[in-house]
>>> print(open('input_36.txt').read())   # compact mmCIF, N, CA and C atoms
# COMPACT_ATOMS: atom_id res chain seq x y z
N MET S 85 6.41 12.71 -14.14
CA MET S 85 6.80 11.56 -13.35
C MET S 85 7.72 10.70 -14.21
N VAL S 86 8.94 10.47 -13.79
CA VAL S 86 9.90 9.65 -14.52
C VAL S 86 9.94 8.28 -13.89
N LEU S 87 9.67 7.24 -14.71
CA LEU S 87 9.58 5.90 -14.18
C LEU S 87 10.74 5.01 -14.61
N LYS S 88 11.68 5.51 -15.35
CA LYS S 88 12.74 4.65 -15.86
C LYS S 88 14.08 4.95 -15.20
N GLU S 89 14.05 5.14 -13.89
CA GLU S 89 15.27 5.51 -13.18
C GLU S 89 16.12 4.31 -12.79
N LEU S 90 15.51 3.14 -12.52
CA LEU S 90 16.24 2.04 -11.92
C LEU S 90 16.53 0.87 -12.85
N ALA S 91 15.53 0.36 -13.54
CA ALA S 91 15.68 -0.85 -14.35
C ALA S 91 16.64 -0.60 -15.50
N VAL S 92 17.71 -1.40 -15.53
CA VAL S 92 18.76 -1.18 -16.53
C VAL S 92 18.56 -2.06 -17.75
N ASP S 93 18.35 -3.35 -17.55
CA ASP S 93 18.29 -4.25 -18.70
C ASP S 93 16.89 -4.48 -19.22
N GLY S 94 15.89 -3.89 -18.59
CA GLY S 94 14.54 -3.94 -19.10
C GLY S 94 13.82 -5.26 -18.93
N ASN S 95 14.31 -6.16 -18.03
CA ASN S 95 13.55 -7.39 -17.85
C ASN S 95 12.25 -7.07 -17.12
N LEU S 96 11.23 -7.84 -17.39
CA LEU S 96 9.88 -7.55 -16.92
C LEU S 96 9.80 -7.47 -15.40
N ILE S 97 10.43 -8.38 -14.70
CA ILE S 97 10.35 -8.41 -13.23
C ILE S 97 10.91 -7.12 -12.64
N ASP S 98 12.08 -6.71 -13.09
CA ASP S 98 12.69 -5.49 -12.56
C ASP S 98 11.90 -4.24 -12.98
N LEU S 99 11.38 -4.24 -14.20
CA LEU S 99 10.59 -3.09 -14.63
C LEU S 99 9.35 -2.91 -13.76
N ILE S 100 8.64 -4.00 -13.49
CA ILE S 100 7.45 -3.91 -12.63
C ILE S 100 7.85 -3.51 -11.22
N SER S 101 8.87 -4.16 -10.68
CA SER S 101 9.31 -3.89 -9.31
C SER S 101 9.79 -2.45 -9.14
N ASP S 102 10.63 -2.00 -10.05
CA ASP S 102 11.18 -0.65 -9.94
C ASP S 102 10.09 0.40 -10.09
N ASN S 103 9.19 0.21 -11.04
CA ASN S 103 8.11 1.17 -11.24
C ASN S 103 7.17 1.18 -10.05
N HIS S 104 6.92 0.03 -9.46
CA HIS S 104 6.09 -0.05 -8.26
C HIS S 104 6.72 0.78 -7.14
N LEU S 105 8.00 0.58 -6.91
CA LEU S 105 8.70 1.32 -5.85
C LEU S 105 8.67 2.82 -6.11
N ILE S 106 8.93 3.21 -7.35
CA ILE S 106 8.93 4.64 -7.69
C ILE S 106 7.54 5.24 -7.48
N LEU S 107 6.50 4.52 -7.89
CA LEU S 107 5.14 5.02 -7.72
C LEU S 107 4.78 5.16 -6.25
N ARG S 108 5.12 4.14 -5.44
CA ARG S 108 4.81 4.22 -4.01
C ARG S 108 5.55 5.37 -3.34
N LYS S 109 6.83 5.56 -3.70
CA LYS S 109 7.59 6.67 -3.14
C LYS S 109 7.00 8.01 -3.56
N THR S 110 6.56 8.10 -4.81
CA THR S 110 5.97 9.34 -5.31
C THR S 110 4.68 9.66 -4.55
N VAL S 111 3.86 8.65 -4.31
CA VAL S 111 2.63 8.85 -3.54
C VAL S 111 2.97 9.41 -2.17
N MET S 112 3.93 8.79 -1.49
CA MET S 112 4.27 9.23 -0.13
C MET S 112 4.91 10.61 -0.13
N GLU S 113 5.71 10.92 -1.15
CA GLU S 113 6.30 12.26 -1.23
C GLU S 113 5.21 13.32 -1.40
N ARG S 114 4.23 13.03 -2.23
CA ARG S 114 3.13 13.98 -2.42
C ARG S 114 2.25 14.07 -1.19
N MET S 115 2.09 12.97 -0.47
CA MET S 115 1.30 12.99 0.77
C MET S 115 2.02 13.81 1.84
N ALA S 116 3.33 13.91 1.75
CA ALA S 116 4.12 14.62 2.75
C ALA S 116 3.81 16.12 2.78
N ASP S 117 3.18 16.62 1.73
CA ASP S 117 2.82 18.04 1.68
C ASP S 117 1.49 18.33 2.37
N GLY S 118 0.80 17.31 2.84
CA GLY S 118 -0.53 17.49 3.42
C GLY S 118 -0.57 17.16 4.90
N PRO S 119 -1.77 16.91 5.40
CA PRO S 119 -1.95 16.68 6.84
C PRO S 119 -1.45 15.32 7.33
N PHE S 120 -1.04 14.47 6.41
CA PHE S 120 -0.61 13.13 6.81
C PHE S 120 0.89 12.92 6.58
N ALA S 121 1.65 13.97 6.74
CA ALA S 121 3.09 13.92 6.51
C ALA S 121 3.80 12.98 7.48
N ASP S 122 3.15 12.67 8.60
CA ASP S 122 3.79 11.83 9.61
C ASP S 122 3.69 10.33 9.30
N VAL S 123 3.00 9.95 8.23
CA VAL S 123 2.82 8.53 7.90
C VAL S 123 3.96 8.06 7.00
N THR S 124 4.65 7.01 7.43
CA THR S 124 5.74 6.45 6.63
C THR S 124 5.18 5.57 5.53
N MET S 125 6.04 5.15 4.60
CA MET S 125 5.59 4.28 3.52
C MET S 125 5.02 2.97 4.07
N ALA S 126 5.69 2.36 5.04
CA ALA S 126 5.20 1.10 5.63
C ALA S 126 3.88 1.32 6.35
N GLU S 127 3.76 2.42 7.07
CA GLU S 127 2.51 2.71 7.77
C GLU S 127 1.36 2.95 6.78
N GLY S 128 1.65 3.67 5.70
CA GLY S 128 0.64 3.90 4.67
C GLY S 128 0.21 2.60 4.03
N HIS S 129 1.17 1.72 3.80
CA HIS S 129 0.86 0.41 3.22
C HIS S 129 -0.06 -0.38 4.15
N LEU S 130 0.23 -0.34 5.44
CA LEU S 130 -0.62 -1.04 6.42
C LEU S 130 -2.02 -0.45 6.43
N LEU S 131 -2.14 0.86 6.46
CA LEU S 131 -3.46 1.50 6.48
C LEU S 131 -4.25 1.14 5.22
N ASN S 132 -3.59 1.11 4.09
CA ASN S 132 -4.28 0.75 2.85
C ASN S 132 -4.72 -0.72 2.85
N ARG S 133 -3.95 -1.58 3.47
CA ARG S 133 -4.29 -3.00 3.52
C ARG S 133 -5.43 -3.32 4.47
N ILE S 134 -5.56 -2.57 5.55
CA ILE S 134 -6.59 -2.92 6.54
C ILE S 134 -7.90 -2.17 6.31
N HIS S 135 -7.92 -1.22 5.38
CA HIS S 135 -9.14 -0.44 5.16
C HIS S 135 -10.32 -1.35 4.87
N GLY S 136 -11.41 -1.12 5.59
CA GLY S 136 -12.64 -1.87 5.36
C GLY S 136 -12.64 -3.29 5.90
N THR S 137 -11.60 -3.64 6.65
CA THR S 137 -11.51 -4.98 7.21
C THR S 137 -11.23 -4.89 8.70
N ARG S 138 -11.17 -6.03 9.31
CA ARG S 138 -10.76 -6.15 10.71
C ARG S 138 -9.71 -7.25 10.74
N LEU S 139 -8.54 -6.93 10.22
CA LEU S 139 -7.47 -7.91 10.14
C LEU S 139 -6.73 -8.03 11.46
N SER S 140 -6.29 -9.23 11.74
CA SER S 140 -5.40 -9.42 12.88
C SER S 140 -4.00 -8.98 12.47
N VAL S 141 -3.14 -8.78 13.44
CA VAL S 141 -1.75 -8.43 13.16
C VAL S 141 -1.11 -9.52 12.31
N SER S 142 -1.35 -10.78 12.66
CA SER S 142 -0.78 -11.90 11.91
C SER S 142 -1.27 -11.93 10.47
N ALA S 143 -2.57 -11.73 10.28
CA ALA S 143 -3.12 -11.74 8.92
C ALA S 143 -2.55 -10.58 8.10
N ALA S 144 -2.44 -9.42 8.71
CA ALA S 144 -1.86 -8.26 8.01
C ALA S 144 -0.41 -8.55 7.64
N ALA S 145 0.32 -9.20 8.52
CA ALA S 145 1.72 -9.55 8.24
C ALA S 145 1.81 -10.47 7.04
N ARG S 146 0.92 -11.45 6.96
CA ARG S 146 0.92 -12.37 5.81
C ARG S 146 0.60 -11.63 4.52
N VAL S 147 -0.43 -10.79 4.55
CA VAL S 147 -0.84 -10.05 3.36
C VAL S 147 0.26 -9.11 2.89
N MET S 148 0.97 -8.51 3.82
CA MET S 148 2.00 -7.53 3.49
C MET S 148 3.38 -8.15 3.29
N ASP S 149 3.51 -9.45 3.58
CA ASP S 149 4.79 -10.14 3.49
C ASP S 149 5.83 -9.48 4.40
N MET S 150 5.40 -9.23 5.62
CA MET S 150 6.27 -8.65 6.65
C MET S 150 6.20 -9.54 7.88
N SER S 151 7.14 -9.37 8.77
CA SER S 151 7.08 -10.14 10.02
C SER S 151 5.95 -9.61 10.89
N ARG S 152 5.42 -10.47 11.73
CA ARG S 152 4.36 -10.07 12.66
C ARG S 152 4.86 -8.96 13.57
N GLN S 153 6.12 -9.07 13.99
CA GLN S 153 6.70 -8.08 14.88
C GLN S 153 6.78 -6.70 14.21
N ALA S 154 7.16 -6.68 12.93
CA ALA S 154 7.27 -5.41 12.20
C ALA S 154 5.89 -4.77 12.04
N VAL S 155 4.88 -5.57 11.73
CA VAL S 155 3.53 -5.04 11.59
C VAL S 155 3.02 -4.54 12.94
N HIS S 156 3.32 -5.28 14.01
CA HIS S 156 2.88 -4.87 15.34
C HIS S 156 3.51 -3.54 15.73
N ARG S 157 4.82 -3.39 15.48
CA ARG S 157 5.51 -2.12 15.78
C ARG S 157 4.88 -0.97 14.99
N CYS S 158 4.63 -1.22 13.72
CA CYS S 158 4.03 -0.22 12.84
C CYS S 158 2.64 0.15 13.37
N ALA S 159 1.86 -0.85 13.76
CA ALA S 159 0.51 -0.62 14.29
C ALA S 159 0.55 0.19 15.59
N LEU S 160 1.51 -0.11 16.45
CA LEU S 160 1.62 0.64 17.71
C LEU S 160 1.91 2.11 17.45
N GLU S 161 2.77 2.39 16.47
CA GLU S 161 3.06 3.79 16.12
C GLU S 161 1.82 4.48 15.57
N LEU S 162 1.09 3.78 14.71
CA LEU S 162 -0.13 4.36 14.15
C LEU S 162 -1.19 4.57 15.23
N GLU S 163 -1.23 3.67 16.19
CA GLU S 163 -2.18 3.81 17.29
C GLU S 163 -1.83 5.04 18.14
N LYS S 164 -0.55 5.23 18.42
CA LYS S 164 -0.12 6.40 19.20
C LYS S 164 -0.55 7.70 18.55
N ARG S 165 -0.51 7.73 17.22
CA ARG S 165 -0.84 8.95 16.48
C ARG S 165 -2.31 9.01 16.06
N GLY S 166 -3.10 8.04 16.48
CA GLY S 166 -4.55 8.10 16.28
C GLY S 166 -5.08 7.59 14.96
N TYR S 167 -4.30 6.83 14.20
CA TYR S 167 -4.75 6.32 12.91
C TYR S 167 -5.51 5.00 13.01
N LEU S 168 -5.21 4.23 14.03
CA LEU S 168 -5.90 2.96 14.22
C LEU S 168 -5.90 2.60 15.69
N ILE S 169 -6.70 1.60 16.02
CA ILE S 169 -6.69 1.07 17.37
C ILE S 169 -6.49 -0.43 17.29
N LEU S 170 -5.86 -0.95 18.31
CA LEU S 170 -5.67 -2.40 18.44
C LEU S 170 -6.74 -2.90 19.40
N GLU S 171 -7.64 -3.71 18.89
CA GLU S 171 -8.71 -4.26 19.71
C GLU S 171 -8.47 -5.74 19.94
N PRO S 172 -9.06 -6.30 20.99
CA PRO S 172 -8.94 -7.75 21.19
C PRO S 172 -9.44 -8.50 19.96
N GLY S 173 -8.71 -9.52 19.57
CA GLY S 173 -9.08 -10.31 18.40
C GLY S 173 -9.97 -11.48 18.77
N GLU S 174 -10.08 -12.41 17.83
CA GLU S 174 -10.93 -13.58 18.05
C GLU S 174 -10.42 -14.47 19.16
N ASN S 175 -9.11 -14.56 19.29
CA ASN S 175 -8.57 -15.27 20.46
C ASN S 175 -7.83 -14.25 21.32
N ARG S 176 -7.61 -14.56 22.55
CA ARG S 176 -7.09 -13.56 23.49
C ARG S 176 -5.65 -13.13 23.21
N ARG S 177 -4.92 -13.94 22.45
CA ARG S 177 -3.53 -13.58 22.14
C ARG S 177 -3.42 -12.64 20.95
N GLU S 178 -4.41 -12.61 20.12
CA GLU S 178 -4.34 -11.85 18.87
C GLU S 178 -5.00 -10.48 19.03
N LYS S 179 -4.48 -9.50 18.31
CA LYS S 179 -5.05 -8.15 18.28
C LYS S 179 -5.58 -7.89 16.87
N ALA S 180 -6.72 -7.20 16.81
CA ALA S 180 -7.30 -6.80 15.53
C ALA S 180 -6.98 -5.34 15.26
N LEU S 181 -6.69 -5.02 14.02
CA LEU S 181 -6.36 -3.66 13.61
C LEU S 181 -7.62 -3.00 13.07
N VAL S 182 -8.01 -1.89 13.68
CA VAL S 182 -9.24 -1.20 13.29
C VAL S 182 -8.90 0.28 13.05
N MET S 183 -9.28 0.77 11.88
CA MET S 183 -9.01 2.17 11.54
C MET S 183 -9.90 3.12 12.33
N THR S 184 -9.32 4.23 12.71
CA THR S 184 -10.08 5.33 13.31
C THR S 184 -10.53 6.27 12.19
N GLU S 185 -11.25 7.31 12.53
CA GLU S 185 -11.65 8.30 11.52
C GLU S 185 -10.43 8.94 10.87
N LYS S 186 -9.39 9.17 11.66
CA LYS S 186 -8.16 9.75 11.10
C LYS S 186 -7.53 8.79 10.10
N GLY S 187 -7.53 7.50 10.40
CA GLY S 187 -7.00 6.50 9.47
C GLY S 187 -7.82 6.44 8.20
N LYS S 188 -9.14 6.55 8.34
CA LYS S 188 -10.02 6.54 7.16
C LYS S 188 -9.80 7.79 6.31
N ALA S 189 -9.53 8.91 6.95
CA ALA S 189 -9.25 10.15 6.22
C ALA S 189 -7.95 10.00 5.43
N PHE S 190 -6.93 9.39 6.04
CA PHE S 190 -5.68 9.12 5.33
C PHE S 190 -5.98 8.26 4.10
N TYR S 191 -6.74 7.21 4.29
CA TYR S 191 -7.07 6.29 3.19
C TYR S 191 -7.76 7.05 2.05
N ARG S 192 -8.73 7.89 2.38
CA ARG S 192 -9.44 8.65 1.33
C ARG S 192 -8.49 9.57 0.58
N ASP S 193 -7.65 10.32 1.30
CA ASP S 193 -6.70 11.23 0.65
C ASP S 193 -5.69 10.47 -0.19
N ASN S 194 -5.20 9.36 0.35
CA ASN S 194 -4.21 8.54 -0.33
C ASN S 194 -4.78 7.99 -1.63
N ASN S 195 -6.00 7.51 -1.60
CA ASN S 195 -6.59 6.96 -2.81
C ASN S 195 -6.97 8.03 -3.81
N ALA S 196 -7.35 9.21 -3.34
CA ALA S 196 -7.61 10.33 -4.26
C ALA S 196 -6.33 10.69 -5.00
N LEU S 197 -5.21 10.70 -4.28
CA LEU S 197 -3.92 10.99 -4.91
C LEU S 197 -3.55 9.90 -5.91
N LYS S 198 -3.80 8.65 -5.57
CA LYS S 198 -3.50 7.56 -6.51
C LYS S 198 -4.34 7.68 -7.78
N ARG S 199 -5.59 8.11 -7.64
CA ARG S 199 -6.43 8.31 -8.83
C ARG S 199 -5.85 9.43 -9.71
N LYS S 200 -5.37 10.51 -9.08
CA LYS S 200 -4.75 11.60 -9.85
C LYS S 200 -3.50 11.10 -10.58
N MET S 201 -2.71 10.28 -9.87
CA MET S 201 -1.50 9.75 -10.51
C MET S 201 -1.86 8.81 -11.66
N GLU S 202 -2.93 8.05 -11.49
CA GLU S 202 -3.37 7.19 -12.58
C GLU S 202 -3.81 8.03 -13.78
N GLU S 203 -4.42 9.18 -13.53
CA GLU S 203 -4.79 10.09 -14.61
C GLU S 203 -3.54 10.59 -15.33
N GLU S 204 -2.47 10.88 -14.58
CA GLU S 204 -1.21 11.30 -15.20
C GLU S 204 -0.67 10.19 -16.10
N ILE S 205 -0.71 8.97 -15.61
CA ILE S 205 -0.24 7.83 -16.40
C ILE S 205 -1.10 7.67 -17.64
N THR S 206 -2.41 7.84 -17.49
CA THR S 206 -3.34 7.72 -18.62
C THR S 206 -3.04 8.79 -19.66
N ARG S 207 -2.69 10.00 -19.22
CA ARG S 207 -2.32 11.05 -20.18
C ARG S 207 -1.06 10.66 -20.96
N GLN S 208 -0.12 9.96 -20.28
CA GLN S 208 1.11 9.55 -20.96
C GLN S 208 0.88 8.37 -21.90
N LEU S 209 0.12 7.37 -21.44
CA LEU S 209 -0.06 6.14 -22.22
C LEU S 209 -1.28 6.17 -23.13
N GLY S 210 -2.27 6.94 -22.73
CA GLY S 210 -3.56 6.92 -23.43
C GLY S 210 -4.50 5.97 -22.71
N PRO S 211 -5.81 6.20 -22.85
CA PRO S 211 -6.80 5.40 -22.13
C PRO S 211 -6.77 3.91 -22.51
N ARG S 212 -6.59 3.62 -23.79
CA ARG S 212 -6.59 2.20 -24.21
C ARG S 212 -5.40 1.45 -23.63
N GLU S 213 -4.22 2.06 -23.68
CA GLU S 213 -3.02 1.40 -23.16
C GLU S 213 -3.10 1.23 -21.65
N THR S 214 -3.63 2.24 -20.96
CA THR S 214 -3.78 2.15 -19.50
C THR S 214 -4.75 1.03 -19.14
N ALA S 215 -5.88 0.97 -19.83
CA ALA S 215 -6.85 -0.10 -19.58
C ALA S 215 -6.24 -1.47 -19.86
N PHE S 216 -5.47 -1.56 -20.96
CA PHE S 216 -4.82 -2.82 -21.30
C PHE S 216 -3.82 -3.22 -20.22
N LEU S 217 -3.03 -2.27 -19.74
CA LEU S 217 -2.05 -2.55 -18.70
C LEU S 217 -2.74 -3.05 -17.43
N LYS S 218 -3.80 -2.38 -17.01
CA LYS S 218 -4.52 -2.79 -15.81
C LYS S 218 -5.13 -4.19 -15.97
N GLU S 219 -5.75 -4.44 -17.11
CA GLU S 219 -6.36 -5.75 -17.36
C GLU S 219 -5.30 -6.84 -17.38
N THR S 220 -4.17 -6.56 -18.01
CA THR S 220 -3.10 -7.55 -18.10
C THR S 220 -2.53 -7.87 -16.72
N LEU S 221 -2.24 -6.84 -15.95
CA LEU S 221 -1.70 -7.08 -14.60
C LEU S 221 -2.71 -7.80 -13.72
N ASP S 222 -3.98 -7.50 -13.90
CA ASP S 222 -5.03 -8.15 -13.12
C ASP S 222 -5.14 -9.64 -13.46
N ARG S 223 -4.83 -10.00 -14.70
CA ARG S 223 -4.93 -11.41 -15.12
C ARG S 223 -3.75 -12.26 -14.65
N LEU S 224 -2.65 -11.63 -14.28
CA LEU S 224 -1.47 -12.40 -13.87
C LEU S 224 -1.78 -13.22 -12.62
N GLU S 225 -1.34 -14.44 -12.64
CA GLU S 225 -1.51 -15.31 -11.47
C GLU S 225 -0.15 -15.84 -11.06
N ILE S 226 0.63 -14.96 -10.49
CA ILE S 226 1.98 -15.32 -10.05
C ILE S 226 1.89 -15.73 -8.59
N ARG S 227 2.50 -16.85 -8.29
CA ARG S 227 2.44 -17.36 -6.91
C ARG S 227 3.87 -17.49 -6.37
N SER S 228 4.00 -17.16 -5.09
CA SER S 228 5.30 -17.36 -4.47
C SER S 228 5.48 -18.84 -4.17
N LYS S 229 6.68 -19.22 -3.84
CA LYS S 229 7.00 -20.61 -3.53
C LYS S 229 6.12 -21.16 -2.43
N GLU S 230 5.81 -20.33 -1.42
CA GLU S 230 5.00 -20.78 -0.29
C GLU S 230 3.59 -21.12 -0.70
N GLN S 231 3.10 -20.62 -1.82
CA GLN S 231 1.72 -20.85 -2.22
C GLN S 231 1.53 -22.12 -3.03
N TYR S 232 2.59 -22.83 -3.37
CA TYR S 232 2.47 -24.05 -4.18
C TYR S 232 2.06 -25.23 -3.32
>>> encode(input="input_36.txt", output="structure tokens")
Amino acid sequence: MVLKELAVDGNLIDLISDNHLILRKTVMERMADGPFADVTMAEGHLLNRIHGTRLSVSAAARVMDMSRQAVHRCALELEKRGYLILEPGENRREKALVMTEKGKAFYRDNNALKRKMEEEITRQLGPRETAFLKETLDRLEIRSKEQY
């Protein structure tokens, strides 16, 4: 796995961003060889975000930093293909996103693949460096302008 394809000047923001994009694309490329080849990167992101919850379309949009309309379109496509269902939400205007068994199966396979990829990274960096990287990223408290 080559992670240094995009960032040119090595600034931290671009390195994190570029590596994140490369890792997400790699996950989806590897998923394309299995039974969930029909799931796009955005759809996979939505399924991963709603797993174990009952998020509304609006809440999912906020968490994913996407428009409500984009999340709704994505959810409708996933519903057509049997990955989730849109149920009535707490108020009559809102819809809740609920995973089906097929959606849960995608989530399990996707996370198993991510664990394998983390093992690849651990082989490259070593266990101590990988643990340090995870702990460091977990400690970051970066807030967008809207959160101030």
>>> closest_residue(input="input_36.txt", among="S:Leu131, S:Ala143, S:Lys198, S:Val155", to="Leu168 in chain S", atoms="only C-alpha atoms")
S:Leu131
>>> atom_distance(input="input_36.txt", atom1="CA of Tyr167 in chain S", atom2="CA of Val182 in chain S")
8.8 Å
>>> residues_near_point(input="input_36.txt", point="(-5.2, -0.2, -8.5)", cutoff="9 Å", atoms="only C-alpha atoms", output="number ranges by chain")
S: 198-199, 202, 218
>>> closest_residue(input="input_36.txt", among="S:His129, S:Arg192, S:Lys200, S:Arg212", to="Met148 in chain S", atoms="all atoms listed in the file")
S:His129
>>> atom_distance(input="input_36.txt", atom1="CA of Gly128 in chain S", atom2="CA of Leu209 in chain S")
27.0 Å
>>> axis_aligned_box(input="input_36.txt", around="range 159-175 of chain S", padding_each_side="8 Å", output="AutoDock Vina command-line options")
--center_x -3.9 --center_y -3.1 --center_z 17.1 --size_x 30.0 --size_y 40.3 --size_z 24.4
>>> atom_distance(input="input_36.txt", atom1="CA of Arg157 in chain S", atom2="atom C of Pro119 in chain S")
20.6 Å
>>> select_by_dssp(input="input_36.txt", residues="chain S", states="strand (DSSP E)", output="JSON, numbers by chain")
{"S": [139, 140, 168, 169, 170, 171, 172, 179, 180, 181, 182, 183]}
>>> select_by_dssp(input="input_36.txt", residues="range 86-212 of chain S", states="alpha helix (DSSP H)", output="JSON, numbers by chain")
{"S": [96, 97, 98, 99, 100, 101, 102, 103, 104, 105, 106, 107, 108, 109, 110, 111, 112, 113, 114, 115, 125, 126, 127, 128, 129, 130, 131, 132, 133, 134, 141, 142, 143, 144, 145, 146, 147, 148, 152, 153, 154, 155, 156, 157, 158, 159, 160, 161, 162, 163, 164, 185, 186, 187, 188, 189, 190, 191, 192, 193, 194, 195, 196, 197, 198, 199, 200, 201, 202, 203, 204, 205, 206, 207, 208, 209, 211, 212]}
>>> decode(input="input_36.txt", residues="range 138-164 of chain S", atoms="N, CA and C atoms", output="mmCIF file, in the first residue's frame")
data_model
loop_
_atom_site.group_PDB
_atom_site.id
_atom_site.type_symbol
_atom_site.label_atom_id
_atom_site.label_comp_id
_atom_site.auth_asym_id
_atom_site.auth_seq_id
_atom_site.Cartn_x
_atom_site.Cartn_y
_atom_site.Cartn_z
ATOM 1 N N ARG S 138 -29.777 4.851 15.347
ATOM 2 C CA ARG S 138 -31.000 5.156 14.605
ATOM 3 C C ARG S 138 -30.947 6.649 14.314
ATOM 4 N N LEU S 139 -30.067 7.016 13.403
ATOM 5 C CA LEU S 139 -29.875 8.427 13.076
ATOM 6 C C LEU S 139 -30.935 8.909 12.097
ATOM 7 N N SER S 140 -31.303 10.151 12.252
ATOM 8 C CA SER S 140 -32.159 10.781 11.252
ATOM 9 C C SER S 140 -31.293 11.169 10.061
ATOM 10 N N VAL S 141 -31.925 11.458 8.952
ATOM 11 C CA VAL S 141 -31.197 11.916 7.767
ATOM 12 C C VAL S 141 -30.434 13.191 8.107
ATOM 13 N N SER S 142 -31.071 14.110 8.808
ATOM 14 C CA SER S 142 -30.421 15.375 9.178
ATOM 15 C C SER S 142 -29.216 15.152 10.075
ATOM 16 N N ALA S 143 -29.359 14.278 11.070
ATOM 17 C CA ALA S 143 -28.243 14.003 11.978
ATOM 18 C C ALA S 143 -27.088 13.347 11.226
ATOM 19 N N ALA S 144 -27.404 12.423 10.338
ATOM 20 C CA ALA S 144 -26.359 11.774 9.534
ATOM 21 C C ALA S 144 -25.654 12.803 8.661
ATOM 22 N N ALA S 145 -26.401 13.731 8.104
ATOM 23 C CA ALA S 145 -25.810 14.787 7.267
ATOM 24 C C ALA S 145 -24.834 15.626 8.079
ATOM 25 N N ARG S 146 -25.203 15.969 9.303
ATOM 26 C CA ARG S 146 -24.302 16.758 10.159
ATOM 27 C C ARG S 146 -23.035 15.972 10.485
ATOM 28 N N VAL S 147 -23.195 14.714 10.865
ATOM 29 C CA VAL S 147 -22.048 13.876 11.229
ATOM 30 C C VAL S 147 -21.107 13.693 10.041
ATOM 31 N N MET S 148 -21.670 13.554 8.853
ATOM 32 C CA MET S 148 -20.875 13.292 7.658
ATOM 33 C C MET S 148 -20.420 14.559 6.947
ATOM 34 N N ASP S 149 -20.903 15.716 7.403
ATOM 35 C CA ASP S 149 -20.593 16.998 6.762
ATOM 36 C C ASP S 149 -21.026 16.989 5.292
ATOM 37 N N MET S 150 -22.248 16.529 5.092
ATOM 38 C CA MET S 150 -22.853 16.503 3.753
ATOM 39 C C MET S 150 -24.206 17.198 3.838
ATOM 40 N N SER S 151 -24.741 17.561 2.704
ATOM 41 C CA SER S 151 -26.072 18.158 2.706
ATOM 42 C C SER S 151 -27.113 17.098 3.040
ATOM 43 N N ARG S 152 -28.223 17.521 3.604
ATOM 44 C CA ARG S 152 -29.313 16.606 3.926
ATOM 45 C C ARG S 152 -29.813 15.935 2.656
ATOM 46 N N GLN S 153 -29.876 16.699 1.574
ATOM 47 C CA GLN S 153 -30.355 16.163 0.304
ATOM 48 C C GLN S 153 -29.427 15.062 -0.223
ATOM 49 N N ALA S 154 -28.119 15.264 -0.098
ATOM 50 C CA ALA S 154 -27.160 14.257 -0.573
ATOM 51 C C ALA S 154 -27.274 12.975 0.249
ATOM 52 N N VAL S 155 -27.420 13.110 1.563
ATOM 53 C CA VAL S 155 -27.569 11.932 2.419
ATOM 54 C C VAL S 155 -28.880 11.222 2.101
ATOM 55 N N HIS S 156 -29.944 11.991 1.872
ATOM 56 C CA HIS S 156 -31.242 11.394 1.560
ATOM 57 C C HIS S 156 -31.175 10.616 0.247
ATOM 58 N N ARG S 157 -30.542 11.200 -0.772
ATOM 59 C CA ARG S 157 -30.380 10.497 -2.063
ATOM 60 C C ARG S 157 -29.592 9.203 -1.879
ATOM 61 N N CYS S 158 -28.515 9.293 -1.118
ATOM 62 C CA CYS S 158 -27.670 8.130 -0.840
ATOM 63 C C CYS S 158 -28.489 7.062 -0.113
ATOM 64 N N ALA S 159 -29.271 7.481 0.875
ATOM 65 C CA ALA S 159 -30.098 6.550 1.650
ATOM 66 C C ALA S 159 -31.156 5.881 0.765
ATOM 67 N N LEU S 160 -31.752 6.642 -0.139
ATOM 68 C CA LEU S 160 -32.754 6.059 -1.036
ATOM 69 C C LEU S 160 -32.145 4.971 -1.916
ATOM 70 N N GLU S 161 -30.931 5.215 -2.410
ATOM 71 C CA GLU S 161 -30.246 4.204 -3.222
ATOM 72 C C GLU S 161 -29.946 2.960 -2.396
ATOM 73 N N LEU S 162 -29.479 3.157 -1.171
ATOM 74 C CA LEU S 162 -29.191 2.020 -0.299
ATOM 75 C C LEU S 162 -30.462 1.262 0.057
ATOM 76 N N GLU S 163 -31.551 1.986 0.220
ATOM 77 C CA GLU S 163 -32.829 1.342 0.524
ATOM 78 C C GLU S 163 -33.284 0.484 -0.666
ATOM 79 N N LYS S 164 -33.154 1.012 -1.875
ATOM 80 C CA LYS S 164 -33.534 0.255 -3.076
ATOM 81 C C LYS S 164 -32.789 -1.069 -3.168
#
